[in-house]
$ cat target.cif   # mmCIF, C-alpha atoms
data_start
loop_
_atom_site.label_atom_id
_atom_site.label_comp_id
_atom_site.auth_asym_id
_atom_site.auth_seq_id
_atom_site.Cartn_x
_atom_site.Cartn_y
_atom_site.Cartn_z
CA MET A 118 -10.55 26.73 0.90
CA PRO A 119 -11.26 26.93 4.68
CA ARG A 120 -8.50 25.68 6.94
CA PRO A 121 -9.27 23.37 9.90
CA PRO A 122 -7.93 24.99 13.09
CA ASP A 123 -5.57 22.14 14.06
CA ALA A 124 -4.30 21.44 10.55
CA GLN A 125 -0.86 21.69 9.06
CA VAL A 126 -1.48 22.82 5.51
CA LEU A 127 0.48 22.99 2.28
CA ASP A 128 -1.13 25.14 -0.41
CA LEU A 129 0.24 25.29 -3.93
CA SER A 130 -1.17 26.60 -7.18
CA TYR A 131 -0.17 26.33 -10.80
CA ARG A 132 -1.24 28.19 -13.91
CA LEU A 133 -1.50 26.24 -17.14
CA ASP A 134 -1.46 28.69 -20.00
CA PRO A 135 -3.23 27.76 -23.24
CA GLU A 136 -0.04 28.16 -25.30
CA MET A 137 1.76 25.54 -23.23
CA ASP A 138 2.15 22.19 -24.93
CA LEU A 139 1.43 19.03 -22.95
CA GLU A 140 5.09 18.46 -22.12
CA ARG A 141 5.36 21.89 -20.48
CA ARG A 142 2.08 21.43 -18.63
CA LEU A 143 3.25 18.12 -17.21
CA ALA A 144 6.57 19.66 -16.21
CA VAL A 145 4.75 22.44 -14.34
CA ILE A 146 2.53 20.14 -12.32
CA SER A 147 5.41 17.74 -11.72
CA ARG A 148 7.02 20.37 -9.47
CA GLY A 149 4.34 19.64 -6.92
CA ASN A 150 5.46 16.04 -6.39
CA ASP A 151 8.61 16.89 -4.46
CA GLU A 152 6.88 19.54 -2.36
CA VAL A 153 4.02 17.23 -1.45
CA LEU A 154 6.37 14.43 -0.47
CA ALA A 155 8.65 16.74 1.54
CA PHE A 156 5.64 18.14 3.41
CA LEU A 157 4.21 14.70 4.15
CA ARG A 158 7.55 13.34 5.35
CA LYS A 159 7.79 16.21 7.83
CA GLN A 160 4.37 15.39 9.26
CA GLY A 161 5.28 11.87 10.33
CA ARG A 162 2.89 8.90 10.78
CA LEU A 163 2.97 8.08 7.10
CA ASP A 164 4.96 5.05 6.03
CA ASP A 165 6.56 4.41 2.64
CA ALA A 166 3.39 2.83 1.29
CA ASP A 167 1.33 5.89 2.25
CA LEU A 168 3.85 8.26 0.66
CA PHE A 169 3.86 6.16 -2.51
CA ALA A 170 0.04 6.27 -2.62
CA PHE A 171 -0.18 10.04 -2.12
CA ASN A 172 2.53 10.61 -4.72
CA LEU A 173 0.60 8.45 -7.16
CA ALA A 174 -2.68 10.23 -6.41
CA TYR A 175 -1.16 13.66 -6.98
CA GLU A 176 0.56 12.51 -10.15
CA GLU A 177 -2.59 10.98 -11.65
CA LEU A 178 -5.02 13.72 -10.66
CA ALA A 179 -2.80 16.65 -11.56
CA SER A 180 -1.65 15.14 -14.84
CA ASN A 181 -5.32 14.59 -15.74
CA VAL A 182 -5.87 18.33 -15.33
CA ALA A 183 -2.78 19.02 -17.45
CA ARG A 184 -4.08 16.69 -20.16
CA TYR A 185 -7.79 17.40 -20.18
CA GLY A 186 -8.37 20.62 -18.25
CA SER A 187 -9.21 23.40 -20.69
CA HIS A 188 -11.49 26.29 -21.52
CA SER A 189 -11.65 25.37 -25.19
CA GLY A 190 -8.09 26.67 -25.45
CA ARG A 191 -8.94 30.31 -24.64
CA ASP A 192 -7.81 30.96 -21.08
CA ALA A 193 -5.34 29.62 -18.56
CA VAL A 194 -6.44 26.81 -16.25
CA HIS A 195 -5.66 27.33 -12.59
CA LEU A 196 -4.89 24.22 -10.58
CA ARG A 197 -4.79 24.41 -6.80
CA LEU A 198 -3.44 21.78 -4.49
CA ARG A 199 -3.93 21.46 -0.75
CA VAL A 200 -2.43 18.87 1.58
CA GLU A 201 -3.98 18.90 5.04
CA ARG A 202 -2.57 17.08 8.00
CA THR A 203 -4.75 16.92 11.11
CA ALA A 204 -4.41 14.75 14.20
CA SER A 205 -6.60 12.11 12.63
CA SER A 206 -6.04 12.26 8.89
CA VAL A 207 -4.07 13.39 5.86
CA ALA A 208 -6.03 14.68 2.88
CA LEU A 209 -4.99 15.74 -0.61
CA THR A 210 -7.38 18.02 -2.48
CA ILE A 211 -6.86 19.13 -6.06
CA ASP A 212 -9.18 21.57 -7.73
CA ASP A 213 -9.16 23.33 -11.08
CA ASP A 214 -11.30 25.78 -12.99
CA GLY A 215 -11.25 23.85 -16.24
CA SER A 216 -14.29 22.39 -17.94
CA PRO A 217 -16.28 20.01 -15.73
CA PHE A 218 -14.56 16.63 -15.70
CA ASN A 219 -15.77 13.86 -13.43
CA PRO A 220 -12.98 11.28 -13.09
CA PHE A 221 -15.54 8.70 -11.99
CA GLU A 222 -16.89 8.83 -15.52
CA ALA A 223 -13.51 7.85 -16.99
CA PRO A 224 -13.61 4.30 -18.40
CA ASP A 225 -12.92 1.79 -15.63
CA SER A 226 -10.30 0.02 -17.67
CA ALA A 227 -7.83 -2.56 -16.49
CA GLY A 228 -5.02 -4.76 -17.71
CA ALA A 229 -2.92 -4.73 -20.82
CA GLY A 230 -5.38 -2.89 -23.03
CA ALA A 231 -6.22 -0.11 -20.62
CA SER A 232 -6.01 3.54 -21.60
CA GLU A 233 -3.61 5.60 -19.49
CA GLY A 234 -6.21 8.02 -18.13
CA GLY A 235 -8.66 5.29 -17.17
CA ARG A 236 -5.91 3.23 -15.60
CA GLY A 237 -4.65 6.18 -13.58
CA ILE A 238 -8.03 6.93 -12.01
CA ARG A 239 -8.60 3.26 -11.33
CA LEU A 240 -5.26 3.14 -9.51
CA VAL A 241 -6.11 6.17 -7.36
CA ARG A 242 -9.43 4.58 -6.41
CA ALA A 243 -7.66 1.35 -5.53
CA TYR A 244 -5.37 3.18 -3.10
CA PHE A 245 -8.08 5.57 -1.88
CA PRO A 246 -11.49 3.89 -2.08
CA GLY A 247 -13.11 6.97 -0.53
CA MET A 248 -11.95 9.30 -3.32
CA ARG A 249 -14.54 12.05 -3.84
CA TYR A 250 -15.36 14.33 -6.75
CA SER A 251 -17.54 17.42 -6.74
CA TYR A 252 -18.09 20.44 -8.96
CA GLU A 253 -18.22 23.52 -6.73
CA ASN A 254 -18.12 27.19 -7.64
CA ARG A 255 -17.16 26.30 -11.20
CA ARG A 256 -14.23 24.17 -10.04
CA ASN A 257 -13.56 20.46 -10.30
CA VAL A 258 -12.65 19.25 -6.81
CA VAL A 259 -11.12 15.84 -6.15
CA ARG A 260 -10.19 14.73 -2.64
CA VAL A 261 -8.43 11.65 -1.32
CA GLU A 262 -7.82 10.99 2.35
CA LYS A 263 -6.08 8.64 4.71
CA VAL A 264 -7.66 8.41 8.15
CA PHE A 265 -5.47 7.13 11.00
CA MET B 150 10.28 17.88 -13.08
CA ALA B 151 10.65 14.51 -11.37
CA LEU B 152 13.97 12.88 -12.09
CA VAL B 153 14.44 9.49 -13.60
CA ASN B 154 17.76 8.02 -14.67
CA TYR B 155 18.02 5.01 -16.89
CA SER B 156 20.62 3.04 -18.78
CA PHE B 157 20.42 0.21 -21.30
CA ASP B 158 22.62 -2.85 -21.53
CA HIS B 159 22.28 -5.66 -24.08
CA ARG B 160 23.22 -9.04 -22.59
CA ASP B 161 22.75 -12.24 -24.61
CA GLY B 162 19.37 -11.35 -26.10
CA VAL B 163 18.19 -9.60 -22.94
CA LEU B 164 17.82 -5.85 -22.83
CA ALA B 165 18.61 -4.89 -19.24
CA VAL B 166 17.18 -1.50 -18.26
CA LEU B 167 18.40 0.03 -15.02
CA LEU B 168 15.86 2.53 -13.67
CA LYS B 169 16.35 4.98 -10.80
CA GLY B 170 14.21 7.77 -9.38
CA SER B 171 10.59 8.51 -10.22
CA LEU B 172 8.85 7.55 -13.43
CA ASP B 173 5.93 9.90 -13.97
CA ALA B 174 3.97 11.66 -16.70
CA SER B 175 6.65 14.34 -17.13
CA ASN B 176 9.46 11.96 -18.02
CA SER B 177 7.92 8.68 -19.17
CA VAL B 178 7.35 9.82 -22.76
CA GLN B 179 11.08 10.42 -23.26
CA PHE B 180 11.90 7.15 -21.55
CA GLY B 181 9.44 5.31 -23.80
CA THR B 182 10.95 6.90 -26.90
CA ASP B 183 14.46 5.92 -25.84
CA LEU B 184 13.33 2.40 -25.03
CA LYS B 185 11.81 1.97 -28.49
CA LYS B 186 15.02 3.24 -30.11
CA GLU B 187 17.01 0.74 -28.07
CA LEU B 188 14.70 -2.08 -29.17
CA GLU B 189 15.37 -1.17 -32.79
CA LYS B 190 19.16 -1.38 -32.42
CA GLU B 191 19.36 -5.14 -32.27
CA GLU B 192 17.08 -8.13 -31.89
CA VAL B 193 15.74 -8.28 -28.36
CA LYS B 194 13.56 -11.15 -27.19
CA ASN B 195 13.62 -10.56 -23.44
CA ILE B 196 13.57 -7.35 -21.42
CA ALA B 197 14.50 -6.87 -17.77
CA PHE B 198 13.65 -3.68 -15.87
CA GLU B 199 15.89 -3.47 -12.80
CA VAL B 200 13.87 -1.25 -10.47
CA SER B 201 15.39 -1.64 -7.02
CA ALA B 202 16.13 2.12 -6.97
CA LEU B 203 12.82 3.19 -8.49
CA ASP B 204 11.08 5.24 -5.80
CA ASN B 205 7.80 6.22 -7.43
CA MET B 206 5.79 5.22 -10.45
CA ALA B 207 2.36 5.99 -11.87
CA SER B 208 0.21 5.03 -14.84
CA ALA B 209 2.44 6.86 -17.32
CA GLY B 210 5.30 4.61 -16.24
CA LEU B 211 3.08 1.56 -16.52
CA ARG B 212 2.40 2.51 -20.13
CA VAL B 213 6.12 2.16 -20.89
CA VAL B 214 6.21 -1.15 -19.05
CA MET B 215 3.41 -2.29 -21.36
CA VAL B 216 5.51 -1.31 -24.38
CA GLY B 217 8.18 -3.67 -23.12
CA ILE B 218 5.72 -6.45 -22.32
CA LYS B 219 4.08 -6.28 -25.76
CA HIS B 220 7.50 -6.33 -27.44
CA CYS B 221 8.44 -9.51 -25.56
CA GLN B 222 5.06 -11.16 -26.15
CA SER B 223 5.32 -10.57 -29.89
CA ARG B 224 8.67 -12.42 -29.89
CA ARG B 225 7.64 -15.19 -27.49
CA GLY B 226 10.07 -13.74 -24.98
CA LYS B 227 9.74 -12.73 -21.36
CA PHE B 228 9.50 -9.45 -19.53
CA TYR B 229 11.21 -9.43 -16.16
CA LEU B 230 10.79 -6.99 -13.31
CA VAL B 231 13.90 -7.20 -11.16
CA ALA B 232 14.03 -6.39 -7.44
CA PRO B 233 10.91 -4.22 -7.16
CA SER B 234 10.09 -2.56 -3.85
CA GLN B 235 6.94 -3.67 -2.07
CA ASN B 236 5.27 -0.51 -3.36
CA VAL B 237 6.11 -1.18 -7.00
CA ARG B 238 5.20 -4.85 -6.60
CA GLN B 239 1.80 -3.85 -5.22
CA LEU B 240 1.29 -1.36 -8.05
CA MET B 241 1.85 -4.15 -10.59
CA ARG B 242 -0.70 -6.32 -8.79
CA ILE B 243 -3.33 -3.60 -8.44
CA SER B 244 -2.96 -2.56 -12.08
CA ASN B 245 -3.28 -6.18 -13.26
CA ILE B 246 -0.04 -5.82 -15.20
CA GLY B 247 1.89 -8.10 -12.87
CA MET B 248 0.36 -11.15 -14.56
CA PHE B 249 2.22 -10.34 -17.78
CA MET B 250 5.71 -10.41 -16.27
CA GLU B 251 8.05 -12.50 -14.20
CA ILE B 252 9.19 -10.83 -10.99
CA VAL B 253 12.65 -11.89 -9.82
CA ASP B 254 14.95 -10.81 -7.00
CA SER B 255 18.09 -10.17 -9.03
CA MET B 256 19.48 -10.12 -12.56
CA ASP B 257 21.23 -13.40 -11.74
CA ALA B 258 17.84 -15.11 -11.67
CA ILE B 259 17.30 -14.49 -15.39
CA ALA B 260 18.30 -17.53 -17.35
#
$ encode --input "target.cif" --output "C-alpha cells"
Amino acid sequence: MPRPPDAQVLDLSYRLDPEMDLERRLAVISRGNDEVLAFLRKQGRLDDADLFAFNLAYEELASNVARYGSHSGRDAVHLRLRVERTASSVALTIDDDGSPFNPFEAPDSAGAGASEGGRGIRLVRAYFPGMRYSYENRRNVVRVEKVF
Amino acid sequence: MALVNYSFDHRDGVLAVLLKGSLDASNSVQFGTDLKKELEKEEVKNIAFEVSALDNMASAGLRVVMVGIKHCQSRRGKFYLVAPSQNVRQLMRISNIGMFMEIVDSMDAIA
C-alpha cells in the first residue's frame, strides 16, 4: 500500500493458516487491538469515543476475516492492517486475500434477533458512515476514516 | 488476546456479573459459556452486568448480553446494565439492544 508523505503509519499483518480453528484465528487477530490502540493514543487528537470506535471497527472487520475469509480451506489467508495518521485524518484499512466478501452485502440486521456478523457490520457503519469496500488485486479492502 | 475479567455473585435472585477489560470475539465465547453455567446453578430471574471498568466491547460481547436479556425475559425478570461508560451506553443505543435493559448508575439502584 502506498504511504502518504506526511503520514504516521502502523502496518501489521497476520497469517491465518487453514488448520487453525476459529478460536485460534480470533486469538491471532486479537493481538492487533492493543497495537492499534497504543498507536492511536500516541498520535493524539483522538478522544475516548474515537478510540472506542476504531477498536470496534478493527474488531468487527478483522474477526469477519477470521470467520469467513478462506480459500476453500486450502491455503493460508493473509490479513493486512494499516493505520494512517495524517494532519487531517486517521484511517484504518484492512485487506485480505480470502474469497471476495463484500460486507455491505451482509444482512442489515438489528435488534434482539440480529446475527452477530450482520450486527457487527451495521455497528461499524453506524460509527463510520463513510466505510468503503473494494476488491483490488484479488484482495478485499475495507477502509474506515475519521476526518478532523 | 484481549483480556476480560469477570466474576459472578448471586444476590437475592439477582446474578451480579462484574466485568472488566475488553469483551471481544476472542474471549466472549468463553464468557458466554461461563455465564450459561452460572445460570444453571440456581434460579436466576434478574441479571446485572456491572460494566464501569469495561473499556471496549463489540458485537461478540453484545451476543452474550443478549443471552442474559433472553434469560431474564423468559422469566419475566429484568436485565440491568450498571454504570456503563458513555461509549458502552452509546453502543447499546446504536445496536438497538438498549431498549431491552434497564440502565442504572449503581448496584444500589437495583431493587
$ residues_around --input "target.cif" --residues "Ser147 of chain A" --least-positions-apart "5" --cutoff "10 Å" --atoms "all atoms listed in the file" --output "list of chain:residue names"
A:Arg141, A:Arg142, A:Glu152, A:Tyr175, A:Glu176, A:Ala179, A:Ser180, B:Met150, B:Ala151, B:Leu152, B:Asp173, B:Ala174, B:Ser175, B:Asn176
$ closest_residue --input "target.cif" --among "B:Leu230, B:Cys221, B:Ser208, B:Val193" --to "Leu168 of chain B" --atoms "all atoms listed in the file"
B:Leu230
$ residues_around --input "target.cif" --residues "Phe169 of chain A" --least-positions-apart "5" --cutoff "9 Å" --atoms "all atoms listed in the file" --output "list in words"
Leu154, Asp164 and Ala174 of chain A; Asp204, Asn205, Met206, Asn236 and Val237 of chain B
$ interface_residues --input "target.cif" --of "chain A" --to "chain B" --cutoff "6 Å" --atoms "only C-alpha atoms" --output "list of chain:residue names"
A:Leu143, A:Ala144, A:Ser147, A:Arg148, A:Leu173, A:Gly228, A:Gly237
$ resolve_selection --input "target.cif" --expression "the PyMOL selection byres ((chain A and resi 206-218) around 6)" --output "list in words"
Gly186, Ser187, His188, Val194, His195, Leu196, Arg197, Leu198, Arg199, Val200, Glu201, Arg202, Thr203, Ser205, Asn219, Arg256, Asn257, Val258, Val259, Arg260, Val261, Glu262, Lys263, Val264 and Phe265 of chain A
$ resolve_selection --input "target.cif" --expression "the PyMOL selection byres ((chain B and resi 156-164) around 10)" --output "list in words"
Asn154, Tyr155, Ala165, Val166, Leu167, Leu168, Lys169, Asp183, Leu184, Glu187, Leu188, Lys190, Glu191, Glu192, Val193, Lys194, Asn195, Ile196, Ala197, Phe198, Gly217, Gly226, Lys227, Phe228, Tyr229, Ile259 and Ala260 of chain B
$ resolve_selection --input "target.cif" --expression "the PyMOL selection byres ((chain A and resi 136) around 10)" --output "mmCIF file with C-alpha atoms, in the frame of the given file"
data_model
loop_
_atom_site.group_PDB
_atom_site.id
_atom_site.type_symbol
_atom_site.label_atom_id
_atom_site.label_comp_id
_atom_site.auth_asym_id
_atom_site.auth_seq_id
_atom_site.Cartn_x
_atom_site.Cartn_y
_atom_site.Cartn_z
ATOM 1 C CA LEU A 133 -1.500 26.240 -17.140
ATOM 2 C CA ASP A 134 -1.460 28.690 -20.000
ATOM 3 C CA PRO A 135 -3.230 27.760 -23.240
ATOM 4 C CA MET A 137 1.760 25.540 -23.230
ATOM 5 C CA ASP A 138 2.150 22.190 -24.930
ATOM 6 C CA LEU A 139 1.430 19.030 -22.950
ATOM 7 C CA ARG A 141 5.360 21.890 -20.480
ATOM 8 C CA ARG A 142 2.080 21.430 -18.630
ATOM 9 C CA GLY A 190 -8.090 26.670 -25.450
ATOM 10 C CA ARG A 191 -8.940 30.310 -24.640
ATOM 11 C CA ASP A 192 -7.810 30.960 -21.080
ATOM 12 C CA ALA A 193 -5.340 29.620 -18.560
#
$ atom_distance --input "target.cif" --atom1 "atom CA of Gln160 of chain A" --atom2 "atom CA of Leu127 of chain A"
11.0 Å
$ atom_distance --input "target.cif" --atom1 "atom CA of Arg158 of chain A" --atom2 "atom CA of Phe221 of chain A"
29.2 Å
$ atom_distance --input "target.cif" --atom1 "atom CA of Val200 of chain B" --atom2 "atom CA of Arg242 of chain B"
15.5 Å
$ residues_around --input "target.cif" --residues "Ala232 of chain B" --least-positions-apart "3" --cutoff "6 Å" --atoms "all atoms listed in the file" --output "number ranges by chain"
B: 200-201, 254-255
$ closest_residue --input "target.cif" --among "B:Leu203, B:Met250, B:Val213, B:Leu172" --to "Pro233 of chain B" --atoms "all atoms listed in the file"
B:Leu203
$ axis_aligned_box --input "target.cif" --around "segment 146-162 of chain A" --padding-each-side "4 Å" --output "AutoDock Vina command-line options"
--center_x 5.6 --center_y 14.6 --center_z -0.8 --size_x 14.1 --size_y 19.5 --size_z 31.1
$ build_atoms --input "target.cif" --residues "segment 156-173 of chain B" --atoms "N, CA, C and O atoms" --output "PDB file, keeping the file's coordinate frame"
ATOM      1  N   SER B 156      19.553   3.447 -17.872  1.00  0.00           N
ATOM      2  CA  SER B 156      20.620   3.040 -18.780  1.00  0.00           C
ATOM      3  C   SER B 156      20.219   1.697 -19.390  1.00  0.00           C
ATOM      4  O   SER B 156      19.417   0.948 -18.816  1.00  0.00           O
ATOM      5  N   PHE B 157      20.753   1.435 -20.570  1.00  0.00           N
ATOM      6  CA  PHE B 157      20.420   0.210 -21.300  1.00  0.00           C
ATOM      7  C   PHE B 157      21.674  -0.637 -21.482  1.00  0.00           C
ATOM      8  O   PHE B 157      22.762  -0.109 -21.718  1.00  0.00           O
ATOM      9  N   ASP B 158      21.487  -1.937 -21.377  1.00  0.00           N
ATOM     10  CA  ASP B 158      22.620  -2.850 -21.530  1.00  0.00           C
ATOM     11  C   ASP B 158      22.121  -4.117 -22.220  1.00  0.00           C
ATOM     12  O   ASP B 158      21.205  -4.778 -21.707  1.00  0.00           O
ATOM     13  N   HIS B 159      22.677  -4.438 -23.369  1.00  0.00           N
ATOM     14  CA  HIS B 159      22.280  -5.660 -24.080  1.00  0.00           C
ATOM     15  C   HIS B 159      23.148  -6.826 -23.603  1.00  0.00           C
ATOM     16  O   HIS B 159      24.375  -6.762 -23.660  1.00  0.00           O
ATOM     17  N   ARG B 160      22.491  -7.884 -23.110  1.00  0.00           N
ATOM     18  CA  ARG B 160      23.220  -9.040 -22.590  1.00  0.00           C
ATOM     19  C   ARG B 160      22.588 -10.319 -23.141  1.00  0.00           C
ATOM     20  O   ARG B 160      21.517 -10.729 -22.665  1.00  0.00           O
ATOM     21  N   ASP B 161      23.195 -10.940 -24.105  1.00  0.00           N
ATOM     22  CA  ASP B 161      22.750 -12.240 -24.610  1.00  0.00           C
ATOM     23  C   ASP B 161      21.246 -12.283 -24.921  1.00  0.00           C
ATOM     24  O   ASP B 161      20.518 -13.150 -24.441  1.00  0.00           O
ATOM     25  N   GLY B 162      20.775 -11.344 -25.701  1.00  0.00           N
ATOM     26  CA  GLY B 162      19.370 -11.350 -26.100  1.00  0.00           C
ATOM     27  C   GLY B 162      18.444 -10.724 -25.082  1.00  0.00           C
ATOM     28  O   GLY B 162      17.231 -10.663 -25.289  1.00  0.00           O
ATOM     29  N   VAL B 163      19.001 -10.290 -23.958  1.00  0.00           N
ATOM     30  CA  VAL B 163      18.190  -9.600 -22.940  1.00  0.00           C
ATOM     31  C   VAL B 163      18.570  -8.127 -22.929  1.00  0.00           C
ATOM     32  O   VAL B 163      19.745  -7.784 -22.856  1.00  0.00           O
ATOM     33  N   LEU B 164      17.568  -7.275 -23.019  1.00  0.00           N
ATOM     34  CA  LEU B 164      17.820  -5.850 -22.830  1.00  0.00           C
ATOM     35  C   LEU B 164      17.603  -5.531 -21.357  1.00  0.00           C
ATOM     36  O   LEU B 164      16.470  -5.604 -20.859  1.00  0.00           O
ATOM     37  N   ALA B 165      18.700  -5.236 -20.664  1.00  0.00           N
ATOM     38  CA  ALA B 165      18.610  -4.890 -19.240  1.00  0.00           C
ATOM     39  C   ALA B 165      18.483  -3.369 -19.124  1.00  0.00           C
ATOM     40  O   ALA B 165      19.297  -2.624 -19.667  1.00  0.00           O
ATOM     41  N   VAL B 166      17.441  -2.929 -18.432  1.00  0.00           N
ATOM     42  CA  VAL B 166      17.180  -1.500 -18.260  1.00  0.00           C
ATOM     43  C   VAL B 166      17.261  -1.185 -16.769  1.00  0.00           C
ATOM     44  O   VAL B 166      16.480  -1.711 -15.974  1.00  0.00           O
ATOM     45  N   LEU B 167      18.235  -0.363 -16.413  1.00  0.00           N
ATOM     46  CA  LEU B 167      18.400   0.030 -15.020  1.00  0.00           C
ATOM     47  C   LEU B 167      17.686   1.353 -14.792  1.00  0.00           C
ATOM     48  O   LEU B 167      18.010   2.365 -15.418  1.00  0.00           O
ATOM     49  N   LEU B 168      16.695   1.349 -13.911  1.00  0.00           N
ATOM     50  CA  LEU B 168      15.860   2.530 -13.670  1.00  0.00           C
ATOM     51  C   LEU B 168      16.056   3.046 -12.251  1.00  0.00           C
ATOM     52  O   LEU B 168      16.043   2.264 -11.296  1.00  0.00           O
ATOM     53  N   LYS B 169      16.206   4.369 -12.126  1.00  0.00           N
ATOM     54  CA  LYS B 169      16.350   4.980 -10.800  1.00  0.00           C
ATOM     55  C   LYS B 169      15.516   6.256 -10.728  1.00  0.00           C
ATOM     56  O   LYS B 169      15.435   6.994 -11.706  1.00  0.00           O
ATOM     57  N   GLY B 170      14.924   6.509  -9.575  1.00  0.00           N
ATOM     58  CA  GLY B 170      14.210   7.770  -9.380  1.00  0.00           C
ATOM     59  C   GLY B 170      12.704   7.603  -9.445  1.00  0.00           C
ATOM     60  O   GLY B 170      12.153   6.661  -8.886  1.00  0.00           O
ATOM     61  N   SER B 171      12.045   8.526 -10.122  1.00  0.00           N
ATOM     62  CA  SER B 171      10.590   8.510 -10.220  1.00  0.00           C
ATOM     63  C   SER B 171      10.173   8.548 -11.680  1.00  0.00           C
ATOM     64  O   SER B 171      10.601   9.420 -12.432  1.00  0.00           O
ATOM     65  N   LEU B 172       9.320   7.629 -12.053  1.00  0.00           N
ATOM     66  CA  LEU B 172       8.850   7.550 -13.430  1.00  0.00           C
ATOM     67  C   LEU B 172       7.420   8.070 -13.465  1.00  0.00           C
ATOM     68  O   LEU B 172       6.497   7.407 -12.997  1.00  0.00           O
ATOM     69  N   ASP B 173       7.263   9.291 -13.984  1.00  0.00           N
ATOM     70  CA  ASP B 173       5.930   9.900 -13.970  1.00  0.00           C
ATOM     71  C   ASP B 173       5.572  10.443 -15.355  1.00  0.00           C
ATOM     72  O   ASP B 173       6.286  10.223 -16.341  1.00  0.00           O
TER      73      ASP B 173
END
